[in-house]
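**Q** Provided below: final-v3.pdb, containing PDB, C-alpha atoms.
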```
ATOM      1  CA  MET A   1     187.033 -50.725 -60.581
ATOM      2  CA  LYS A   2     185.832 -48.412 -57.849
ATOM      3  CA  GLN A   3     182.283 -47.040 -57.964
ATOM      4  CA  THR A   4     183.050 -43.936 -55.906
ATOM      5  CA  THR A   5     185.824 -41.363 -55.828
ATOM      6  CA  ASN A   6     187.185 -38.734 -53.468
ATOM      7  CA  ALA A   7     187.981 -36.255 -56.273
ATOM      8  CA  ILE A   8     185.499 -34.068 -58.155
ATOM      9  CA  VAL A   9     185.562 -31.048 -60.455
ATOM     10  CA  MET A  10     183.038 -28.238 -60.019
ATOM     11  CA  ILE A  11     182.606 -25.083 -62.108
ATOM     12  CA  ARG A  12     181.764 -21.835 -60.287
ATOM     13  CA  PRO A  13     179.223 -19.880 -62.346
ATOM     14  CA  VAL A  14     179.675 -16.277 -63.493
ATOM     15  CA  ALA A  15     176.624 -15.869 -65.739
ATOM     16  CA  PHE A  16     174.197 -18.493 -64.454
ATOM     17  CA  ARG A  17     170.583 -18.100 -65.604
ATOM     18  CA  MET A  18     167.799 -20.169 -67.078
ATOM     19  CA  ASN A  19     169.134 -21.458 -70.395
ATOM     20  CA  GLU A  20     166.445 -20.937 -73.039
ATOM     21  CA  GLN A  21     168.169 -23.482 -75.328
ATOM     22  CA  THR A  22     167.831 -26.361 -72.860
ATOM     23  CA  ALA A  23     164.302 -25.509 -71.690
ATOM     24  CA  VAL A  24     162.792 -27.105 -74.820
ATOM     25  CA  ASN A  25     163.215 -30.589 -73.332
ATOM     26  CA  ASN A  26     164.227 -29.996 -69.705
ATOM     27  CA  TYR A  27     160.830 -29.641 -68.035
ATOM     28  CA  TYR A  28     162.362 -29.064 -64.608
ATOM     29  CA  GLN A  29     163.487 -25.518 -65.455
ATOM     30  CA  LYS A  30     161.431 -22.568 -64.259
ATOM     31  CA  VAL A  31     161.585 -18.833 -64.841
ATOM     32  CA  LEU A  32     162.021 -17.013 -61.537
ATOM     33  CA  ASP A  33     159.839 -13.969 -62.086
ATOM     34  CA  GLY A  34     161.018 -10.572 -60.969
ATOM     35  CA  LEU A  35     164.649 -11.582 -60.401
ATOM     36  CA  LEU A  36     167.376  -9.813 -62.333
ATOM     37  CA  PRO A  37     169.905 -12.122 -64.034
ATOM     38  CA  SER A  38     172.606 -10.700 -61.781
ATOM     39  CA  THR A  39     170.538 -11.606 -58.709
ATOM     40  CA  VAL A  40     169.971 -15.128 -60.009
ATOM     41  CA  ASN A  41     173.715 -15.546 -60.605
ATOM     42  CA  ALA A  42     174.613 -14.120 -57.178
ATOM     43  CA  LYS A  43     172.196 -16.544 -55.494
ATOM     44  CA  ALA A  44     173.613 -19.441 -57.539
ATOM     45  CA  GLN A  45     177.154 -18.457 -56.497
ATOM     46  CA  GLN A  46     176.130 -18.396 -52.834
ATOM     47  CA  GLU A  47     174.568 -21.857 -53.128
ATOM     48  CA  PHE A  48     177.614 -23.129 -55.022
ATOM     49  CA  ASP A  49     180.114 -21.793 -52.470
ATOM     50  CA  ALA A  50     178.178 -23.186 -49.503
ATOM     51  CA  PHE A  51     177.922 -26.575 -51.235
ATOM     52  CA  VAL A  52     181.681 -26.711 -51.970
ATOM     53  CA  GLU A  53     182.417 -25.755 -48.372
ATOM     54  CA  LYS A  54     180.287 -28.638 -47.072
ATOM     55  CA  LEU A  55     182.022 -31.122 -49.382
ATOM     56  CA  ARG A  56     185.496 -29.913 -48.446
ATOM     57  CA  ALA A  57     184.614 -29.951 -44.743
ATOM     58  CA  VAL A  58     184.180 -33.749 -44.888
ATOM     59  CA  GLY A  59     187.360 -34.248 -46.914
ATOM     60  CA  VAL A  60     186.121 -34.390 -50.513
ATOM     61  CA  ASP A  61     188.865 -33.193 -52.878
ATOM     62  CA  VAL A  62     187.034 -30.502 -54.886
ATOM     63  CA  THR A  63     188.782 -28.758 -57.785
ATOM     64  CA  VAL A  64     186.877 -25.512 -58.337
ATOM     65  CA  ILE A  65     187.224 -23.925 -61.772
ATOM     66  CA  GLU A  66     185.970 -20.400 -62.394
ATOM     67  CA  ASP A  67     183.766 -19.971 -65.432
ATOM     68  CA  ASN A  68     184.661 -16.993 -67.626
ATOM     69  CA  LEU A  69     182.463 -14.287 -69.116
ATOM     70  CA  GLU A  70     183.850 -14.599 -72.669
ATOM     71  CA  THR A  71     181.694 -17.625 -73.398
ATOM     72  CA  ASP A  72     177.949 -17.347 -72.883
ATOM     73  CA  THR A  73     177.598 -20.528 -70.854
ATOM     74  CA  PRO A  74     174.658 -20.274 -68.428
ATOM     75  CA  ASP A  75     174.827 -24.035 -67.656
ATOM     76  CA  SER A  76     178.577 -24.350 -67.062
ATOM     77  CA  ILE A  77     177.767 -25.263 -63.456
ATOM     78  CA  PHE A  78     176.847 -28.779 -64.766
ATOM     79  CA  PRO A  79     180.217 -30.122 -66.067
ATOM     80  CA  ASN A  80     179.259 -33.798 -65.801
ATOM     81  CA  ASN A  81     177.389 -33.452 -69.113
ATOM     82  CA  TRP A  82     180.442 -32.695 -71.258
ATOM     83  CA  VAL A  83     183.242 -34.725 -69.674
ATOM     84  CA  SER A  84     183.947 -37.942 -67.775
ATOM     85  CA  PHE A  85     187.232 -39.110 -66.260
ATOM     86  CA  HIS A  86     188.155 -42.802 -66.099
ATOM     87  CA  GLU A  87     190.479 -45.024 -64.072
ATOM     88  CA  ASN A  88     192.585 -46.010 -67.087
ATOM     89  CA  GLY A  89     193.518 -42.366 -67.743
ATOM     90  CA  ASP A  90     190.860 -41.853 -70.445
ATOM     91  CA  VAL A  91     188.862 -38.645 -70.664
ATOM     92  CA  ALA A  92     185.626 -38.706 -72.676
ATOM     93  CA  LEU A  93     184.223 -35.542 -74.289
ATOM     94  CA  TYR A  94     180.538 -35.600 -75.146
ATOM     95  CA  PRO A  95     178.255 -34.040 -77.792
ATOM     96  CA  MET A  96     175.808 -31.556 -76.289
ATOM     97  CA  PHE A  97     172.251 -30.819 -77.406
ATOM     98  CA  ALA A  98     172.267 -27.035 -76.737
ATOM     99  CA  GLU A  99     174.638 -25.043 -78.920
ATOM    100  CA  ASN A 100     175.554 -22.640 -76.124
ATOM    101  CA  ARG A 101     176.561 -25.569 -73.924
ATOM    102  CA  ARG A 102     179.244 -26.700 -76.363
ATOM    103  CA  GLN A 103     181.401 -23.765 -75.271
ATOM    104  CA  GLU A 104     181.606 -25.358 -71.820
ATOM    105  CA  ARG A 105     184.218 -27.842 -73.032
ATOM    106  CA  ARG A 106     187.516 -26.285 -71.993
ATOM    107  CA  GLU A 107     190.955 -27.772 -72.433
ATOM    108  CA  ASP A 108     192.392 -25.663 -69.612
ATOM    109  CA  ILE A 109     190.282 -27.675 -67.154
ATOM    110  CA  LEU A 110     192.171 -30.799 -68.200
ATOM    111  CA  ASP A 111     195.453 -28.876 -67.806
ATOM    112  CA  THR A 112     194.464 -27.886 -64.267
ATOM    113  CA  LEU A 113     193.860 -31.536 -63.358
ATOM    114  CA  GLU A 114     197.243 -32.534 -64.782
ATOM    115  CA  GLU A 115     198.863 -29.792 -62.705
ATOM    116  CA  LYS A 116     197.220 -31.363 -59.662
ATOM    117  CA  GLY A 117     198.942 -34.657 -60.459
ATOM    118  CA  PHE A 118     196.171 -36.486 -62.309
ATOM    119  CA  GLU A 119     197.313 -38.466 -65.346
ATOM    120  CA  ILE A 120     195.459 -38.167 -68.652
ATOM    121  CA  SER A 121     196.607 -40.704 -71.195
ATOM    122  CA  ASN A 122     193.934 -40.537 -73.870
ATOM    123  CA  ILE A 123     191.004 -38.383 -74.987
ATOM    124  CA  MET A 124     187.944 -40.094 -76.463
ATOM    125  CA  ASP A 125     186.164 -37.372 -78.379
ATOM    126  CA  TYR A 126     182.544 -38.006 -79.392
ATOM    127  CA  THR A 127     181.744 -34.362 -80.093
ATOM    128  CA  SER A 128     181.689 -34.613 -83.904
ATOM    129  CA  ALA A 129     178.290 -36.317 -83.520
ATOM    130  CA  GLU A 130     176.893 -32.822 -82.863
ATOM    131  CA  ASP A 131     177.320 -32.029 -86.571
ATOM    132  CA  ASP A 132     174.908 -34.857 -87.398
ATOM    133  CA  GLY A 133     172.464 -33.951 -84.636
ATOM    134  CA  TYR A 134     173.244 -36.835 -82.271
ATOM    135  CA  PHE A 135     173.912 -36.267 -78.582
ATOM    136  CA  LEU A 136     175.037 -38.116 -75.464
ATOM    137  CA  GLU A 137     175.357 -35.842 -72.482
ATOM    138  CA  GLY A 138     177.972 -37.497 -70.307
ATOM    139  CA  THR A 139     177.053 -38.937 -66.939
ATOM    140  CA  GLY A 140     173.761 -37.071 -67.174
ATOM    141  CA  SER A 141     172.723 -39.436 -69.962
ATOM    142  CA  LEU A 142     174.649 -42.517 -68.917
ATOM    143  CA  LEU A 143     174.927 -43.947 -65.431
ATOM    144  CA  LEU A 144     178.031 -46.014 -64.981
ATOM    145  CA  ASP A 145     178.140 -49.014 -62.698
ATOM    146  CA  ARG A 146     181.920 -49.051 -62.863
ATOM    147  CA  ALA A 147     182.328 -52.008 -60.518
ATOM    148  CA  ASN A 148     179.957 -54.275 -62.466
ATOM    149  CA  GLY A 149     180.789 -53.012 -65.954
ATOM    150  CA  LYS A 150     177.270 -51.851 -66.800
ATOM    151  CA  ALA A 151     176.013 -48.544 -68.177
ATOM    152  CA  TYR A 152     172.363 -47.487 -67.800
ATOM    153  CA  CYS A 153     170.831 -45.053 -70.265
ATOM    154  CA  ALA A 154     167.320 -43.628 -70.611
ATOM    155  CA  LEU A 155     167.065 -42.661 -74.279
ATOM    156  CA  SER A 156     166.003 -39.096 -75.026
ATOM    157  CA  PRO A 157     166.740 -36.273 -77.476
ATOM    158  CA  ARG A 158     169.969 -35.916 -75.478
ATOM    159  CA  ALA A 159     170.899 -39.587 -75.343
ATOM    160  CA  ASP A 160     171.259 -41.308 -78.706
ATOM    161  CA  GLU A 161     171.135 -45.114 -78.691
ATOM    162  CA  GLU A 162     173.841 -45.749 -81.313
ATOM    163  CA  LEU A 163     176.206 -43.281 -79.699
ATOM    164  CA  PHE A 164     175.578 -44.864 -76.301
ATOM    165  CA  ILE A 165     176.370 -48.320 -77.697
ATOM    166  CA  GLU A 166     179.546 -46.951 -79.280
ATOM    167  CA  PHE A 167     180.586 -45.539 -75.890
ATOM    168  CA  CYS A 168     179.884 -48.900 -74.227
ATOM    169  CA  GLU A 169     182.024 -50.725 -76.799
ATOM    170  CA  ASP A 170     184.893 -48.249 -76.383
ATOM    171  CA  PHE A 171     184.836 -48.375 -72.586
ATOM    172  CA  ASP A 172     183.818 -52.011 -72.214
ATOM    173  CA  TYR A 173     180.432 -51.550 -70.530
ATOM    174  CA  ALA A 174     177.353 -53.720 -71.026
ATOM    175  CA  PRO A 175     174.521 -51.379 -72.130
ATOM    176  CA  VAL A 176     171.227 -51.316 -70.216
ATOM    177  CA  ILE A 177     168.830 -49.317 -72.417
ATOM    178  CA  PHE A 178     165.330 -48.101 -71.614
ATOM    179  CA  GLU A 179     163.003 -45.101 -71.857
ATOM    180  CA  ALA A 180     161.939 -43.005 -68.877
ATOM    181  CA  PHE A 181     159.006 -40.590 -68.833
ATOM    182  CA  GLN A 182     157.594 -37.777 -66.750
ATOM    183  CA  THR A 183     154.139 -36.231 -66.842
ATOM    184  CA  VAL A 184     154.159 -32.715 -68.300
ATOM    185  CA  ASP A 185     150.759 -30.990 -68.562
ATOM    186  CA  GLY A 186     149.025 -34.361 -68.566
ATOM    187  CA  GLU A 187     151.304 -35.861 -71.250
ATOM    188  CA  ARG A 188     154.038 -38.458 -70.845
ATOM    189  CA  LYS A 189     157.325 -36.984 -72.134
ATOM    190  CA  LEU A 190     160.824 -38.428 -72.183
ATOM    191  CA  ILE A 191     163.011 -37.451 -69.227
ATOM    192  CA  TYR A 192     165.984 -35.550 -70.590
ATOM    193  CA  HIS A 193     168.704 -37.122 -68.402
ATOM    194  CA  THR A 194     168.917 -40.548 -66.791
ATOM    195  CA  ASN A 195     170.504 -39.104 -63.665
ATOM    196  CA  VAL A 196     167.382 -37.217 -62.609
ATOM    197  CA  MET A 197     165.402 -40.437 -62.113
ATOM    198  CA  MET A 198     168.192 -42.766 -60.977
ATOM    199  CA  CYS A 199     171.364 -42.876 -58.896
ATOM    200  CA  LEU A 200     173.845 -45.744 -58.609
ATOM    201  CA  GLY A 201     175.769 -46.165 -55.393
ATOM    202  CA  GLU A 202     178.259 -48.846 -54.488
ATOM    203  CA  THR A 203     175.734 -51.017 -52.658
ATOM    204  CA  PHE A 204     172.431 -49.318 -53.451
ATOM    205  CA  ALA A 205     170.420 -47.805 -56.297
ATOM    206  CA  VAL A 206     167.843 -45.039 -56.053
ATOM    207  CA  ILE A 207     165.338 -45.231 -58.895
ATOM    208  CA  CYS A 208     161.896 -44.035 -59.897
ATOM    209  CA  ALA A 209     160.658 -47.264 -61.478
ATOM    210  CA  ASP A 210     157.314 -45.535 -62.209
ATOM    211  CA  CYS A 211     159.117 -43.417 -64.829
ATOM    212  CA  ILE A 212     159.780 -46.551 -66.904
ATOM    213  CA  ASP A 213     156.382 -47.027 -68.537
ATOM    214  CA  ASP A 214     157.228 -50.222 -70.406
ATOM    215  CA  LYS A 215     156.800 -53.098 -67.934
ATOM    216  CA  LYS A 216     159.391 -55.319 -69.621
ATOM    217  CA  GLU A 217     161.973 -52.549 -69.611
ATOM    218  CA  ARG A 218     161.217 -51.746 -65.981
ATOM    219  CA  LYS A 219     161.685 -55.378 -64.980
ATOM    220  CA  MET A 220     164.898 -55.614 -66.999
ATOM    221  CA  VAL A 221     166.405 -52.550 -65.278
ATOM    222  CA  LEU A 222     165.403 -53.726 -61.790
ATOM    223  CA  ASP A 223     166.663 -57.264 -62.530
ATOM    224  CA  ASN A 224     170.058 -55.843 -63.493
ATOM    225  CA  LEU A 225     170.285 -53.947 -60.219
ATOM    226  CA  LYS A 226     169.212 -56.996 -58.201
ATOM    227  CA  GLU A 227     171.707 -59.179 -60.036
ATOM    228  CA  ASP A 228     174.468 -56.865 -58.812
ATOM    229  CA  LYS A 229     173.197 -57.107 -55.226
ATOM    230  CA  LYS A 230     172.207 -53.453 -54.953
ATOM    231  CA  GLU A 231     169.558 -52.473 -52.443
ATOM    232  CA  ILE A 232     166.851 -50.810 -54.536
ATOM    233  CA  ILE A 233     165.354 -47.678 -52.997
ATOM    234  CA  LEU A 234     162.238 -46.669 -54.925
ATOM    235  CA  ILE A 235     161.280 -43.006 -55.229
ATOM    236  CA  THR A 236     158.107 -41.390 -56.605
ATOM    237  CA  GLU A 237     157.694 -39.057 -59.564
ATOM    238  CA  ASN A 238     156.970 -36.247 -57.142
ATOM    239  CA  GLN A 239     160.311 -36.932 -55.440
ATOM    240  CA  VAL A 240     162.002 -36.901 -58.863
ATOM    241  CA  ASN A 241     160.537 -33.401 -59.321
ATOM    242  CA  ASN A 242     162.366 -32.482 -56.106
ATOM    243  CA  PHE A 243     165.598 -33.930 -57.559
ATOM    244  CA  ALA A 244     165.679 -36.944 -55.241
ATOM    245  CA  GLY A 245     167.008 -39.031 -58.144
ATOM    246  CA  ASN A 246     169.906 -36.631 -58.628
ATOM    247  CA  MET A 247     172.247 -37.900 -55.905
ATOM    248  CA  LEU A 248     175.886 -38.975 -55.970
ATOM    249  CA  GLU A 249     177.904 -41.135 -53.600
ATOM    250  CA  VAL A 250     181.384 -39.724 -52.922
ATOM    251  CA  ARG A 251     184.215 -40.400 -50.488
ATOM    252  CA  GLY A 252     185.576 -38.048 -47.855
ATOM    253  CA  THR A 253     188.309 -38.307 -45.236
ATOM    254  CA  ASN A 254     189.465 -41.888 -44.533
ATOM    255  CA  ASP A 255     187.322 -43.097 -47.451
ATOM    256  CA  LYS A 256     184.128 -42.407 -45.517
ATOM    257  CA  LYS A 257     181.157 -42.533 -47.884
ATOM    258  CA  TYR A 258     178.617 -39.735 -48.304
ATOM    259  CA  ILE A 259     175.430 -39.565 -50.370
ATOM    260  CA  VAL A 260     175.286 -36.018 -51.684
ATOM    261  CA  MET A 261     171.986 -34.370 -52.616
ATOM    262  CA  SER A 262     170.159 -31.050 -52.447
ATOM    263  CA  ALA A 263     168.157 -29.898 -49.458
ATOM    264  CA  SER A 264     164.922 -30.178 -51.471
ATOM    265  CA  ALA A 265     165.770 -33.788 -52.401
ATOM    266  CA  HIS A 266     166.574 -34.573 -48.763
ATOM    267  CA  GLN A 267     163.331 -32.975 -47.515
ATOM    268  CA  SER A 268     161.260 -34.920 -50.050
ATOM    269  CA  LEU A 269     162.452 -38.301 -48.733
ATOM    270  CA  THR A 270     160.351 -40.325 -46.298
ATOM    271  CA  PRO A 271     161.882 -41.368 -42.940
ATOM    272  CA  LYS A 272     162.011 -44.940 -44.274
ATOM    273  CA  GLN A 273     163.956 -43.896 -47.395
ATOM    274  CA  VAL A 274     166.364 -41.858 -45.281
ATOM    275  CA  GLN A 275     166.891 -44.904 -43.061
ATOM    276  CA  GLN A 276     167.510 -47.100 -46.124
ATOM    277  CA  LEU A 277     170.100 -44.678 -47.513
ATOM    278  CA  GLU A 278     171.853 -44.174 -44.187
ATOM    279  CA  LYS A 279     172.595 -47.898 -44.004
ATOM    280  CA  HIS A 280     174.956 -47.309 -46.938
ATOM    281  CA  ALA A 281     176.451 -43.889 -46.255
ATOM    282  CA  GLU A 282     175.936 -40.598 -44.450
ATOM    283  CA  ILE A 283     173.653 -38.075 -46.188
ATOM    284  CA  LEU A 284     175.143 -34.681 -47.017
ATOM    285  CA  SER A 285     172.699 -32.085 -48.344
ATOM    286  CA  SER A 286     172.909 -28.433 -49.260
ATOM    287  CA  SER A 287     170.343 -25.872 -50.427
ATOM    288  CA  LEU A 288     170.402 -25.505 -54.229
ATOM    289  CA  ASP A 289     166.973 -23.935 -54.774
ATOM    290  CA  THR A 290     167.999 -21.288 -57.333
ATOM    291  CA  ILE A 291     170.264 -23.641 -59.262
ATOM    292  CA  GLU A 292     167.531 -26.296 -59.401
ATOM    293  CA  ALA A 293     164.795 -23.866 -60.470
ATOM    294  CA  CYS A 294     166.725 -22.050 -63.204
ATOM    295  CA  GLY A 295     169.084 -24.829 -64.263
ATOM    296  CA  GLY A 296     166.748 -27.789 -64.016
ATOM    297  CA  GLY A 297     169.634 -29.796 -62.540
ATOM    298  CA  SER A 298     170.837 -30.482 -59.031
ATOM    299  CA  ALA A 299     173.676 -31.782 -56.853
ATOM    300  CA  ARG A 300     174.694 -34.726 -59.034
ATOM    301  CA  CYS A 301     174.893 -32.601 -62.189
ATOM    302  CA  MET A 302     177.260 -30.163 -60.497
ATOM    303  CA  MET A 303     179.919 -32.775 -59.759
ATOM    304  CA  ALA A 304     182.166 -34.328 -62.397
ATOM    305  CA  GLU A 305     183.861 -37.279 -60.739
ATOM    306  CA  VAL A 306     187.583 -37.742 -61.304
ATOM    307  CA  PHE A 307     188.714 -41.374 -61.422
ATOM    308  CA  LEU A 308     192.004 -40.636 -63.203
ATOM    309  CA  PRO A 309     195.197 -42.198 -61.822
ATOM    310  CA  ARG A 310     197.385 -39.857 -59.755
ATOM    311  CA  ASN A 311     201.139 -39.709 -59.962
TER     312      ASN A 311
END
```
Give the structure from this file in structure tokens form.
**A**
Amino acid sequence: MKQTTNAIVMIRPVAFRMNEQTAVNNYYQKVLDGLLPSTVNAKAQQEFDAFVEKLRAVGVDVTVIEDNLETDTPDSIFPNNWVSFHENGDVALYPMFAENRRQERREDILDTLEEKGFEISNIMDYTSAEDDGYFLEGTGSLLLDRANGKAYCALSPRADEELFIEFCEDFDYAPVIFEAFQTVDGERKLIYHTNVMMCLGETFAVICADCIDDKKERKMVLDNLKEDKKEIILITENQVNNFAGNMLEVRGTNDKKYIVMSASAHQSLTPKQVQQLEKHAEILSSSLDTIEACGGGSARCMMAEVFLPRN
């Protein structure tokens, strides 16, 4: 199994804004005072388009889907939370915490991929868990080490343990379960998505170990990464706040590897961390300031990786 892919899906926003329904447990979202919603969306579109251009310039195969105005989906720019695409032709659909995010799941996106020659053989649909109030938000909640058959998950209101274990059984992953926290107004609160404090590359892992308050759990997570011979690059909580945990390794032309992140994540890294990362792949960063502030997500969240077979 490959850990990285050349193909990704990205959704171009039409009504991007701060989503009041996700702000209850995403403490990275901010209200940008004095900006009209239309201005916020226009800025987000500019950032999105520039980001796609940078990815395509290095040979990443980006399928851009336009969001539509019929559904009120302010967070549609983060498709990795509702869908994942697997090497065996499986597509997984995930239960989402915010009701207005459930509209993001669109069958026509799967049709578009099939038109491009990707093969979908089976759909694993976990969305009925929403009715019972259980959620697992895709590769935001679960980090897949595809090559080593492990899945990492920081439990939160958006990542249910039983559902995660069910996913692992269905897809044959060994679960690595822990809790990760951030300090909000002097209190330790659960981080809403695993992928803001951790990134898994082919030969490296970026992680904020300080977010894992339980020492045993922290050791267990780090031991798993060491066992799989990944170079561990530690980041601070302050760097997590700048979305330095929200990176993704992708492949461009001639399978060249790139570590994709936002400009604010890149700027928050120390020269030593940059050096560590560049041993593994070239860094590609793009400014996502508006998207990060209003959406509380960054570069990784915007890219749904496509591992499906191609005919």
**Q** What is the CA of Ile232 in chain A-CA of Glu202 in chain A distance in Å, reported with one decimal?
**A**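 Taking CA of Ile232 in chain A as the start and CA of Glu202 in chain A as the end point, the length is 11.6 Å.
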**Q** Find the residues of range 230-289 of chain A that sit at most 10 Å from range 175-182 of chain A; for each, write down the nearest two atoms and how far apart they are in Å, to one decimal. Count all atoms listed in the file. Sort by chain, then by number going up, and give it as a Markdown table.
**A**
```
| residue | atom | partner | partner_atom | distance |
| --- | --- | --- | --- | --- |
| A:Glu237 | CA | A:Gln182 | CA | 7.3 |
| A:Asn238 | CA | A:Gln182 | CA | 9.7 |
| A:Val240 | CA | A:Gln182 | CA | 9.1 |
| A:Asn241 | CA | A:Gln182 | CA | 9.1 |
```
**Q** Env of Gln45 in chain A: 10 Å cut, atoms = all atoms listed in the file, seq-sep filter 5 positions within chain, self excluded. Answer as an NGL selection string.
**A** :A and (12-16 or 39-40 or 50-51 or 77 or 290-291)
**Q** For CA of Lys150 in chain A and CA of Phe78 in chain A, determine how far apart the two atoms are, in Å to one decimal place.
**A**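 Pair CA of Lys150 in chain A / CA of Phe78 in chain A returns 23.2 Å.
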**Q** Just so the selection is clear, what residues does the PyMOL selection byres ((chain A and resi 221) around 9) cover here, as an NGL selection string?
**A** :A and (152 or 176-178 or 209 or 216-220 or 222-226)
**Q** Would you mind exporting C-alpha atoms of the selected residues as a CSV table (one decimal), in the frame of the given file?
**A**
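Done, and the output landed in selection36.csv:
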```
chain,number,residue,atom,x,y,z
A,152,TYR,CA,172.4,-47.5,-67.8
A,176,VAL,CA,171.2,-51.3,-70.2
A,177,ILE,CA,168.8,-49.3,-72.4
A,178,PHE,CA,165.3,-48.1,-71.6
A,209,ALA,CA,160.7,-47.3,-61.5
A,216,LYS,CA,159.4,-55.3,-69.6
A,217,GLU,CA,162.0,-52.5,-69.6
A,218,ARG,CA,161.2,-51.7,-66.0
A,219,LYS,CA,161.7,-55.4,-65.0
A,220,MET,CA,164.9,-55.6,-67.0
A,222,LEU,CA,165.4,-53.7,-61.8
A,223,ASP,CA,166.7,-57.3,-62.5
A,224,ASN,CA,170.1,-55.8,-63.5
A,225,LEU,CA,170.3,-53.9,-60.2
A,226,LYS,CA,169.2,-57.0,-58.2
```
**Q** Expand the PyMOL selection byres ((chain A and resi 79) around 9) into the explicit residue set it covers here, and present it as a short mmCIF file (atom, residue, chain, number, x, y, z; two decimals) with C-alpha atoms, in the frame of the given file.
**A**
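So the final result, stored in out01.cif, reads:
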```cif
data_model
loop_
_atom_site.label_atom_id
_atom_site.label_comp_id
_atom_site.auth_asym_id
_atom_site.auth_seq_id
_atom_site.Cartn_x
_atom_site.Cartn_y
_atom_site.Cartn_z
CA VAL A 9 185.56 -31.05 -60.46
CA MET A 10 183.04 -28.24 -60.02
CA ILE A 11 182.61 -25.08 -62.11
CA ASP A 75 174.83 -24.04 -67.66
CA SER A 76 178.58 -24.35 -67.06
CA ILE A 77 177.77 -25.26 -63.46
CA PHE A 78 176.85 -28.78 -64.77
CA ASN A 80 179.26 -33.80 -65.80
CA ASN A 81 177.39 -33.45 -69.11
CA TRP A 82 180.44 -32.70 -71.26
CA VAL A 83 183.24 -34.72 -69.67
CA SER A 84 183.95 -37.94 -67.78
CA GLU A 104 181.61 -25.36 -71.82
CA ARG A 105 184.22 -27.84 -73.03
CA GLY A 138 177.97 -37.50 -70.31
CA CYS A 301 174.89 -32.60 -62.19
CA MET A 302 177.26 -30.16 -60.50
CA MET A 303 179.92 -32.78 -59.76
CA ALA A 304 182.17 -34.33 -62.40
#
```
**Q** Of the residues A:Gln273, A:Thr4, A:Thr73, A:Ser121, which is the one nearest to Val306 in chain A, using only C-alpha atoms?
**A**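 Counting only C-alpha atoms, the residue closest to Val306 in chain A is A:Thr4.
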**Q** Tell me which residues the PyMOL selection byres ((chain A and resi 55) around 12) grabs here, as a ChimeraX atom specification.
**A** /A:6-10,48-54,56-64,248-253,257-261,283-286,299,303
**Q** Quick one, how far is CA of Ala151 in chain A from CA of Asp111 in chain A?
**A** 27.7 Å
**Q** Could you check the closest approach to Cys294 in chain A for each of A:Met247, A:Ala44, A:Leu93, A:Leu308 and tell me which residue wins, using all atoms listed in the file?
**A**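 Smallest distance to Cys294 in chain A is found for A:Ala44.
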**Q** Using only C-alpha atoms, which of the listed residues (A:Lys272, A:Pro309, A:Gly297, A:Glu107) sits closest to Ile235 in chain A?
**A**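 Once distances to Ile235 in chain A are computed over only C-alpha atoms, the minimum belongs to A:Lys272.
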**Q** Counting only C-alpha atoms, write as a PyMOL selection string all protein and nucleic acid residues lying at most 12 Å from (161.1, -40.1, -60.2) in the file's frame.
**A** chain A and resi 28+180-183+191+193-199+206-213+233-246+265+268-269
